[in-house]
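See structure below.
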Amino acid sequence: MLRQYELVDRVLDYDPDADEAMLNRAYVFSVNAHGTQKRANGDPYFSHPIEVAGILTELHLDDETIATAILHDTVEDTVATPEEIERIFGGNVARLVDGVTKLSKIEAQTESERAAENLRKFLLAMSGDIRVLLVKLADRLHNMRTLHFIAKPEKRRRIAKETMDIYAPLAERIGMYEFMKEMQTLAFQQLEPEAYESITKRLALLNEGGGDRIAKIGSGLKLLLARKGIEGEVTGREKHPYSIWRKMQERHISFEQLSDIMAFRVIVPTIEDCYRALGIIHGRWPMVPGRFKDFISTPKRNGYRSLHTSVIHAENRRIEIQIRTEEMHAEAEYGLAAHWAYKQEGDHAAPAGPDNRPSWIADLVEILDNAETPEELLEHTRMAMYQDRIFAFTPKGELIQLPKGATPIDFAYAVHTDLGDQAVGAKINGRVVPLRTAIENGDQVQVLRSKAQEPQANWLSFAITGKALAAIRRHLRSAEREQSIALGRKLYDDIVFRLPAVLAADALTHALPRLKMPDEAALMQAIARKTLTDAQVMEALMPGSAGFDIAHAPQSGAISIEGLAPGVAYELGTCCHPVPGDRIVGLRRPDASIEVHAIDCPTLAELADRSNEETDWIDVKWGNKTEGATARISVEVRNEPGALGALATVIGQHKANIINIRLDNRDTQFHTNTIDVEVHDAHQLMRLLAALRAADMVNAAERV
């Protein structure tokens with residue numbers, strides 16, 4: 001453990017103007033507050049916050065951050081109060097300690113609610129001041145270093161999984177790669193102990209057989225560059241066990257088949273030297289196709305800059321080489337923490353408040369605002385933190401970073417939420433493409449928009465970024481709520497009509513607390529989704545009405561579904577595919593959308609036979625302005641060239657749109673196809689069927 005003077009001297013070495021008195025007060029306060037508390041390994045508890053502070057001094061962080069690290073467990077684990085911290089150390093330190101304390105109060109358990117709550121507080125705290133995240137990452141890193149002292153295996157695995165899922169990706173996102181690698185290695189050791197042991201043993205055997213091969217290759221690289229007039233520092237290492245294991249999993253190969261387990265770093269004076277060194281290396285050894293990445297001209301979202309390449313060295317051995325300047329190397333080592341390091345003159349870095357926070361943090365906070373369930377929050381944030389990135393450009397040349405496999409919908413939401421909501425199409429490199437098209441690295445993407453457009457449910461099938469998924473689901477939830485309220489109001493009016501007497505003007509106000517509903521909108525939703533029965537609503541509106549035979553009271557009239565969207569407030573039956581013009585009936589089940597079926601649908605007879613008491617039948621009608629729907633038809637066509645083309649022509653001539661087509665049966669003379677077509681109403685469908693039957697190549701056409 002660092003002694004008091006050693007810790008203070010470390011800070012003064014890189015920041016002579018640091019508040020030495022505050023650091024001394026913090027050290028003494030922490031030691032006294034934690035008193036005789038012990039850690040799992042038997043050490044005094046205060047050794048932990050002191051070591052966390054020591055980790056942060058390696059990043060050259062400011063005195064307030066170091067003091068926060070020393071004090072970060074005092075409010076949570078001792079009798080110290082936030083007010084006491086503020087009185088002794090000032091408002092900034094108190095605010096930072098409070099931020100870290102909130103993150104630590106609910107550590108993620110196996111339950112997704114606790115994991116999500118921890119992550120939620122994490123995002124909110126670091127969006128206010130990124131130093132909260134830096135302290136928490138150092139705290140987690142030291143805890144991982146001492147994780148093996150915890151006796152319970154299940155607790156070790158829980159902490160390791162949380163580290164792998166949340167903390168290591170966050171460290172990577174802010175460019176703190178050394179933190180990320182060490183966390184991953186320590187977590188991997190707990191989560192996959194057999195794989196970890198196997199890989200480390202094989203690395204040890206390779207070292208025994210190869211001697212100082214890394215040093216030899218590094219010396220050769222340095223000599224090659226020196227001969228060409230470039231003085232650079234070259235270091236080499238083997239990739240850490242988790243990185244090797246992940247490559248084996250991704251490529252489905254064995255350890256023996258993995259050839260690029262050595263990585264070298266070349267640090268040169270200038271950016272020009274980076275590209276010169278790259279040319280010299282590629283001139284000496286053949287590069288591995290597809291393995292060159294230029295993060296200098298297009299930095300990663302976290303600001304990381306470097307040239308990456310892989311070459312085939314002696315004995316057909318592939319090695320990875322990173323080329324960067326000293327400044328780039330410092331940023332790669334310290335990441336976002338470098339912006340908090342003091343300059344030699346003692347100037348302070350700019351605060352990382354909401355206006356200065358990295359854009360990816362703003363995206364995570366937006367995901368936080370839009371997520372409805374803990375599972376959604378965890379899913380979307382992990383998507384935002386984990387995936388490999390590609391680069392795409394707006395028509396004005398702005399660089400947008402996205403995960404691999406992203407589509408124009410993801411691109412649109414990455415630019416702005418409003419653009420995503422209004423997207424109707426896209427152009428990639430000047431060519432109009434569907435919104436589900438995958439974007440390739442370097443593509444120029446133009447999003448076509450319309451103010452009349454709204455997010456569609458089918459976008460969820462091809463959007464992959466957490467931000468896009470969260471925004472789409474938020475809109476769909478809002479639309480579903482509005483339409484459920486509208487449908488519930490229509491059903492409510494019918495319930496009121498069926499009451500045995502005229503309803504009092506204030507009856508609804510008195511009924512809400514009886515039904516334990518917070519407001520009128522919630523009641524309408526409950527009626528639409530049948531979480532309340534008609535009888536319950538009637539009794540609450542007019543106590544004593546349950547004595548009448550209200551369960552079988554006739555419906556006042558058909559409930560119009562005009563203005564409501566299929567798939568939102570109600571679902572169209574997939575067994576009968578009703579379209580406007582068909583006689584229809586609605587099935588209402590508890591906590592589900594109303595299902596609309598054609599009156600002659602076989603499903604209705606089955607439900608009647610089962611006498612399902614939880615299912616209500618309600619009279620519904622389309623309304624005069626109801627939009628079209630999808631009908632299903634079966635067409636028997638001659639088995640000859642051009643038959644399907646002629647079939648599609650007839651359907652197109654009648655202004656119907658083919659949604660799906662399936663070949664059901666084929667013999668020597670005919671083949672039968674089931675076709676889903678969009679039509680406006682039943683009359684259009686009948687005209688289409690008549691036209692198909694009249695066509696020369698069609699033997700039969702029926703609705704199914």
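Scheme for the structure tokens: letters A, B, ... for chains in order shown; per-chain residue numbers from 1; ligand numbers from 1 in order shown.
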- Message: Give me, as a PyMOL selection string, all polymer residues having an atom no more than 12 Å from Ser254 of chain A, counting only C-alpha atoms and skipping those fewer than 4 positions away in the same chain.
- Response: chain A and resi 195+198-199+202+244-250+258-259
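The list of residues with at least one atom within 9 Å of Arg156 of chain A, based on only C-alpha atoms and without residues fewer than 3 positions apart in the same chain, reads Leu147, His148, Ile150, Ala151, Lys152, Pro153, Ile159, Ala160, Lys161, Ala187, Gln190 and Leu191 of chain A.
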Keeping only C-alpha atoms, take the residues you just selected and write them out as a compact mmCIF listing (two decimals), in the first residue's frame.
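And here is the file that came out, part_26.txt:
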```txt
# COMPACT_ATOMS: atom_id res chain seq x y z
CA LEU A 147 -10.88 -10.85 -6.88
CA HIS A 148 -9.19 -14.20 -6.21
CA ILE A 150 -13.18 -13.74 -2.50
CA ALA A 151 -14.17 -17.17 -1.21
CA LYS A 152 -17.51 -17.72 -3.01
CA PRO A 153 -17.03 -18.83 -6.66
CA ILE A 159 -18.30 -9.66 -10.57
CA ALA A 160 -16.22 -10.98 -13.48
CA LYS A 161 -19.24 -11.11 -15.80
CA ALA A 187 -12.47 -11.60 -15.85
CA GLN A 190 -12.74 -16.42 -13.67
CA LEU A 191 -15.34 -17.00 -16.40
```
- Find the residue from A:Val445, A:Met538, A:Ile618, A:Val698 that sits nearest to Ile428 of chain A; use only C-alpha atoms when measuring. A:Val445
Please report, as a short mmCIF file (atom, residue, chain, number, x, y, z; two decimals) with C-alpha atoms, in the first residue's frame, each residue of segment 8-188 of chain A to which DSSP assigns alpha helix (DSSP H) when run on this structure's backbone.
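Okay, this is what ended up in part22.cif:
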```cif
data_model
loop_
_atom_site.label_atom_id
_atom_site.label_comp_id
_atom_site.auth_asym_id
_atom_site.auth_seq_id
_atom_site.Cartn_x
_atom_site.Cartn_y
_atom_site.Cartn_z
CA VAL A 8 1.20 12.98 -2.42
CA ASP A 9 4.67 13.03 -4.00
CA ARG A 10 3.34 11.17 -7.03
CA VAL A 11 0.76 13.88 -7.64
CA LEU A 12 3.23 16.72 -7.03
CA ASP A 13 5.67 15.17 -9.52
CA TYR A 14 3.30 15.85 -12.43
CA GLU A 20 -1.20 19.13 -1.10
CA ALA A 21 -3.15 19.95 2.05
CA MET A 22 -6.40 18.57 0.58
CA LEU A 23 -4.69 15.33 -0.43
CA ASN A 24 -3.24 14.91 3.07
CA ARG A 25 -6.64 15.61 4.65
CA ALA A 26 -8.28 13.06 2.35
CA TYR A 27 -5.71 10.36 3.21
CA VAL A 28 -6.08 10.86 6.96
CA PHE A 29 -9.90 11.13 6.72
CA SER A 30 -10.13 7.83 4.78
CA VAL A 31 -7.83 5.96 7.20
CA ASN A 32 -9.80 7.21 10.22
CA ALA A 33 -13.22 6.63 8.62
CA HIS A 34 -12.52 3.02 7.58
CA SER A 47 -5.66 0.15 1.48
CA HIS A 48 -8.21 -0.25 -1.33
CA PRO A 49 -9.10 3.44 -1.87
CA ILE A 50 -5.42 4.35 -1.51
CA GLU A 51 -4.47 1.86 -4.25
CA VAL A 52 -7.30 3.18 -6.45
CA ALA A 53 -5.88 6.67 -6.04
CA GLY A 54 -2.44 5.28 -6.91
CA ILE A 55 -3.80 3.84 -10.17
CA LEU A 56 -5.21 7.24 -11.09
CA THR A 57 -1.91 9.01 -10.42
CA ASP A 63 -6.03 16.60 -7.32
CA GLU A 64 -9.85 16.59 -7.00
CA THR A 65 -10.06 13.24 -8.78
CA ILE A 66 -7.29 11.76 -6.59
CA ALA A 67 -9.06 13.00 -3.46
CA THR A 68 -12.31 11.49 -4.74
CA ALA A 69 -10.59 8.13 -5.21
CA ILE A 70 -9.26 8.23 -1.64
CA LEU A 71 -12.73 9.07 -0.29
CA THR A 74 -16.37 6.60 2.91
CA VAL A 75 -20.01 7.62 2.43
CA GLU A 76 -21.08 4.11 1.45
CA ASP A 77 -19.13 2.04 4.00
CA PRO A 82 -22.02 13.85 2.05
CA GLU A 83 -22.40 17.07 4.06
CA GLU A 84 -19.20 16.30 5.98
CA ILE A 85 -17.29 15.62 2.73
CA GLU A 86 -18.49 18.92 1.26
CA ARG A 87 -17.57 20.90 4.39
CA ILE A 88 -14.03 19.49 4.56
CA PHE A 89 -13.16 19.02 0.86
CA GLY A 91 -18.39 21.04 -3.41
CA ASN A 92 -16.58 19.51 -6.40
CA VAL A 93 -15.09 16.60 -4.45
CA ALA A 94 -18.40 16.04 -2.64
CA ARG A 95 -20.25 15.88 -5.96
CA LEU A 96 -17.74 13.41 -7.41
CA VAL A 97 -17.82 11.21 -4.31
CA ASP A 98 -21.61 11.23 -4.42
CA GLY A 99 -21.53 10.18 -8.09
CA VAL A 100 -19.23 7.23 -7.40
CA THR A 101 -21.25 6.27 -4.31
CA LYS A 102 -24.46 6.09 -6.34
CA LEU A 103 -22.77 3.74 -8.78
CA SER A 104 -21.58 1.47 -6.00
CA LYS A 105 -24.77 1.25 -3.95
CA SER A 112 -31.49 -7.84 -14.79
CA GLU A 113 -33.28 -5.13 -12.77
CA ARG A 114 -30.26 -4.61 -10.52
CA ALA A 115 -27.82 -4.73 -13.41
CA ALA A 116 -29.89 -2.16 -15.27
CA GLU A 117 -30.25 0.09 -12.22
CA ASN A 118 -26.49 0.09 -11.72
CA LEU A 119 -25.93 0.89 -15.37
CA ARG A 120 -28.62 3.59 -15.30
CA LYS A 121 -26.88 5.40 -12.43
CA PHE A 122 -23.55 4.91 -14.14
CA LEU A 123 -24.72 6.64 -17.32
CA LEU A 124 -26.32 9.54 -15.49
CA ALA A 125 -23.29 10.14 -13.28
CA MET A 126 -20.69 10.01 -16.02
CA SER A 127 -22.82 12.20 -18.30
CA GLY A 128 -22.43 14.92 -15.67
CA ILE A 130 -16.52 11.92 -16.78
CA ARG A 131 -14.16 11.83 -13.79
CA VAL A 132 -16.81 9.77 -11.99
CA LEU A 133 -16.29 7.09 -14.61
CA LEU A 134 -12.49 7.27 -14.30
CA VAL A 135 -12.65 6.71 -10.53
CA LYS A 136 -15.13 3.87 -10.91
CA LEU A 137 -12.99 2.15 -13.55
CA ALA A 138 -9.91 2.37 -11.32
CA ASP A 139 -12.01 1.07 -8.42
CA ARG A 140 -13.18 -1.89 -10.51
CA LEU A 141 -9.66 -2.59 -11.80
CA HIS A 142 -8.25 -2.85 -8.27
CA ASN A 143 -11.18 -5.02 -7.20
CA MET A 144 -10.47 -7.34 -10.12
CA ARG A 145 -6.79 -7.54 -9.10
CA PRO A 153 -17.03 -18.83 -6.66
CA GLU A 154 -20.48 -17.59 -7.69
CA LYS A 155 -19.70 -14.09 -6.40
CA ARG A 156 -16.37 -14.06 -8.25
CA ARG A 157 -18.13 -15.08 -11.46
CA ARG A 158 -20.85 -12.44 -11.02
CA ILE A 159 -18.30 -9.66 -10.57
CA ALA A 160 -16.22 -10.98 -13.48
CA LYS A 161 -19.24 -11.11 -15.80
CA GLU A 162 -20.29 -7.60 -14.83
CA ALA A 168 -14.29 -3.35 -19.88
CA PRO A 169 -16.38 -2.02 -22.82
CA LEU A 170 -16.65 1.37 -21.11
CA ALA A 171 -12.87 1.45 -20.65
CA GLU A 172 -12.48 0.65 -24.35
CA ARG A 173 -14.98 3.33 -25.30
CA TYR A 177 -7.01 0.09 -23.55
CA GLU A 178 -4.62 -1.00 -20.81
CA PHE A 179 -7.49 -0.91 -18.30
CA MET A 180 -9.68 -2.82 -20.75
CA LYS A 181 -7.09 -5.54 -21.44
CA GLU A 182 -6.31 -6.14 -17.77
CA MET A 183 -10.00 -6.25 -16.83
CA GLN A 184 -10.73 -8.68 -19.66
CA THR A 185 -7.82 -10.93 -18.74
CA LEU A 186 -8.77 -11.06 -15.05
CA ALA A 187 -12.47 -11.60 -15.85
CA PHE A 188 -11.64 -14.26 -18.45
#
```
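Minimum distance to Ala504 of chain A across A:Ala521, A:Leu541, A:Lys293, A:Lys216 (counting only C-alpha atoms) occurs at A:Leu541.
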- Item | Selection: 12 Å around Glu520 of chain A, only C-alpha atoms, excl. self and same-chain fewer than 5 positions, as a count of residues only | 16
- With a distance cut-off of 8 Å and only C-alpha atoms, select the neighbouring residues of Ala423 of chain A, excluding the residue or stretch itself and same-chain residues fewer than 2 positions from it, and output the selection as a list in words.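 Near neighbours after the sequence-gap exclusion: Ile409, Ala412, Leu419, Gly420, Asp421, Gly425, Ala426, Val447, Leu448, Arg449, Ser450, Gln453, Glu454 and Pro455 of chain A.
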So that I have them on file, write out the residues from the current selection with N, CA and C atoms, as a tab-separated table (two decimals), in the first residue's frame.
```
chain	number	residue	atom	x	y	z
A	409	ILE	N	-31.08	3.03	-41.64
A	409	ILE	CA	-31.87	3.44	-40.48
A	409	ILE	C	-30.94	3.75	-39.30
A	412	ALA	N	-29.24	7.03	-40.04
A	412	ALA	CA	-30.12	8.18	-39.84
A	412	ALA	C	-30.25	8.55	-38.37
A	419	LEU	N	-34.21	12.71	-37.98
A	419	LEU	CA	-33.92	12.17	-39.30
A	419	LEU	C	-34.29	10.69	-39.35
A	420	GLY	N	-33.98	9.95	-38.30
A	420	GLY	CA	-34.35	8.54	-38.26
A	420	GLY	C	-35.85	8.35	-38.28
A	421	ASP	N	-36.57	9.15	-37.49
A	421	ASP	CA	-38.03	9.01	-37.44
A	421	ASP	C	-38.68	9.25	-38.80
A	425	GLY	N	-36.29	6.40	-47.25
A	425	GLY	CA	-35.41	5.71	-48.18
A	425	GLY	C	-34.00	6.21	-48.02
A	426	ALA	N	-33.10	5.71	-48.85
A	426	ALA	CA	-31.70	6.11	-48.73
A	426	ALA	C	-30.99	5.95	-50.06
A	447	VAL	N	-29.80	10.08	-46.53
A	447	VAL	CA	-31.10	9.59	-46.05
A	447	VAL	C	-32.20	10.46	-46.65
A	448	LEU	N	-33.17	9.81	-47.27
A	448	LEU	CA	-34.33	10.50	-47.83
A	448	LEU	C	-35.41	10.56	-46.76
A	449	ARG	N	-36.01	11.73	-46.58
A	449	ARG	CA	-36.93	11.90	-45.45
A	449	ARG	C	-38.25	12.49	-45.91
A	450	SER	N	-39.28	12.30	-45.08
A	450	SER	CA	-40.59	12.91	-45.29
A	450	SER	C	-41.19	13.21	-43.93
A	453	GLN	N	-43.68	10.72	-42.57
A	453	GLN	CA	-43.25	9.37	-42.18
A	453	GLN	C	-43.17	9.23	-40.66
A	454	GLU	N	-43.37	8.03	-40.20
A	454	GLU	CA	-43.20	7.68	-38.79
A	454	GLU	C	-42.44	6.37	-38.70
A	455	PRO	N	-41.74	6.10	-37.61
A	455	PRO	CA	-41.02	4.82	-37.47
A	455	PRO	C	-41.96	3.63	-37.65
```
- Task: Skip Val266 of chain A itself and residues of its chain fewer than 6 positions away, then list as number ranges by chain all residues within 9 Å of it, counting only C-alpha atoms.
- Result: A: 221-222, 232-236, 274, 277, 321-325
Residues as selected, N, CA and C atoms, written as an mmCIF file, in the first residue's frame, can you do that?
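Saved result, result00.cif, follows:
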```cif
data_model
loop_
_atom_site.group_PDB
_atom_site.id
_atom_site.type_symbol
_atom_site.label_atom_id
_atom_site.label_comp_id
_atom_site.auth_asym_id
_atom_site.auth_seq_id
_atom_site.Cartn_x
_atom_site.Cartn_y
_atom_site.Cartn_z
ATOM 1 N N LEU A 221 12.843 -4.858 -36.842
ATOM 2 C CA LEU A 221 11.998 -3.738 -37.275
ATOM 3 C C LEU A 221 12.692 -2.392 -37.052
ATOM 4 N N LYS A 222 13.280 -2.235 -35.871
ATOM 5 C CA LYS A 222 13.943 -0.976 -35.547
ATOM 6 C C LYS A 222 15.129 -0.721 -36.472
ATOM 7 N N GLY A 232 12.809 5.291 -34.461
ATOM 8 C CA GLY A 232 11.573 5.005 -33.743
ATOM 9 C C GLY A 232 11.796 4.015 -32.621
ATOM 10 N N GLU A 233 10.859 4.019 -31.691
ATOM 11 C CA GLU A 233 10.892 3.053 -30.585
ATOM 12 C C GLU A 233 9.992 1.881 -30.952
ATOM 13 N N VAL A 234 10.506 0.663 -30.835
ATOM 14 C CA VAL A 234 9.753 -0.534 -31.199
ATOM 15 C C VAL A 234 9.626 -1.437 -29.976
ATOM 16 N N THR A 235 8.401 -1.795 -29.644
ATOM 17 C CA THR A 235 8.155 -2.737 -28.547
ATOM 18 C C THR A 235 7.250 -3.845 -29.058
ATOM 19 N N GLY A 236 7.397 -5.031 -28.497
ATOM 20 C CA GLY A 236 6.586 -6.176 -28.918
ATOM 21 C C GLY A 236 6.011 -6.913 -27.737
ATOM 22 N N CYS A 274 4.904 8.182 -39.636
ATOM 23 C CA CYS A 274 4.006 7.021 -39.524
ATOM 24 C C CYS A 274 3.783 6.404 -40.900
ATOM 25 N N ALA A 277 7.018 4.945 -42.365
ATOM 26 C CA ALA A 277 7.329 3.654 -41.747
ATOM 27 C C ALA A 277 6.423 2.556 -42.306
ATOM 28 N N ILE A 321 1.243 -5.000 -36.514
ATOM 29 C CA ILE A 321 2.081 -3.829 -36.225
ATOM 30 C C ILE A 321 1.195 -2.595 -36.114
ATOM 31 N N GLN A 322 1.395 -1.835 -35.042
ATOM 32 C CA GLN A 322 0.721 -0.546 -34.852
ATOM 33 C C GLN A 322 1.771 0.553 -34.944
ATOM 34 N N ILE A 323 1.460 1.603 -35.699
ATOM 35 C CA ILE A 323 2.402 2.705 -35.906
ATOM 36 C C ILE A 323 1.725 4.000 -35.470
ATOM 37 N N ARG A 324 2.389 4.757 -34.593
ATOM 38 C CA ARG A 324 1.782 5.982 -34.071
ATOM 39 C C ARG A 324 2.858 6.931 -33.586
ATOM 40 N N THR A 325 2.462 8.165 -33.293
ATOM 41 C CA THR A 325 3.382 9.135 -32.699
ATOM 42 C C THR A 325 3.325 9.017 -31.176
#
```
- Item | Backbone DSSP call of strand (DSSP E or B) for segment 118-243 of chain A, listed as a list in words | Glu233, Val234, Thr235, Gly236, Arg237 and Glu238 of chain A
Those residues with N, CA, C and O atoms, as a short mmCIF file (atom, residue, chain, number, x, y, z; two decimals), in the first residue's frame please?
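Contents of the output file selection18.cif:
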```
data_model
loop_
_atom_site.label_atom_id
_atom_site.label_comp_id
_atom_site.auth_asym_id
_atom_site.auth_seq_id
_atom_site.Cartn_x
_atom_site.Cartn_y
_atom_site.Cartn_z
N GLU A 233 10.86 4.02 -31.69
CA GLU A 233 10.89 3.05 -30.58
C GLU A 233 9.99 1.88 -30.95
O GLU A 233 8.84 2.07 -31.37
N VAL A 234 10.51 0.66 -30.84
CA VAL A 234 9.75 -0.53 -31.20
C VAL A 234 9.63 -1.44 -29.98
O VAL A 234 10.63 -1.79 -29.35
N THR A 235 8.40 -1.80 -29.64
CA THR A 235 8.15 -2.74 -28.55
C THR A 235 7.25 -3.84 -29.06
O THR A 235 6.42 -3.63 -29.96
N GLY A 236 7.40 -5.03 -28.50
CA GLY A 236 6.59 -6.18 -28.92
C GLY A 236 6.01 -6.91 -27.74
O GLY A 236 6.53 -6.83 -26.62
N ARG A 237 4.93 -7.62 -27.97
CA ARG A 237 4.29 -8.39 -26.91
C ARG A 237 3.43 -9.46 -27.55
O ARG A 237 3.09 -9.40 -28.73
N GLU A 238 3.10 -10.46 -26.77
CA GLU A 238 2.09 -11.42 -27.19
C GLU A 238 0.72 -10.88 -26.80
O GLU A 238 0.57 -10.20 -25.78
#
```
- Message: I want to know what sits within 12 Å of Phe393 of chain A, based on only C-alpha atoms, with residues of the same chain fewer than 2 positions away left out; could you give that as a ChimeraX atom specification?
- Response: /A:298,390-391,395-402,408,411-412,414-415,427-429,439-447
- Message: Need to verify the contact set: Ala700 of chain A, 7 Å, only C-alpha atoms, exclusion of same-chain residues closer than 5 positions in sequence. Can you return it as a list of chain:residue names?
- Response: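 Counting only C-alpha atoms, the residues come to A:Val635, A:Glu636, A:Arg693.
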- Could you work out how far atom CA of Gly645 of chain A lies from atom CA of Ile659 of chain A, giving the answer in Å with one decimal? 15.2 Å
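The smallest atom-to-atom distance between Asp17 of chain A and any of A:Asn316, A:Asp62, A:Thr417, A:Val568, using only C-alpha atoms, is found for A:Asp62.
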- Item | Pairwise distance for atom CA of Ala528 of chain A and atom CA of Ser484 of chain A, rounded to one decimal in Å |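 So the two atoms, atom CA of Ala528 of chain A and atom CA of Ser484 of chain A, lie 5.8 Å apart.
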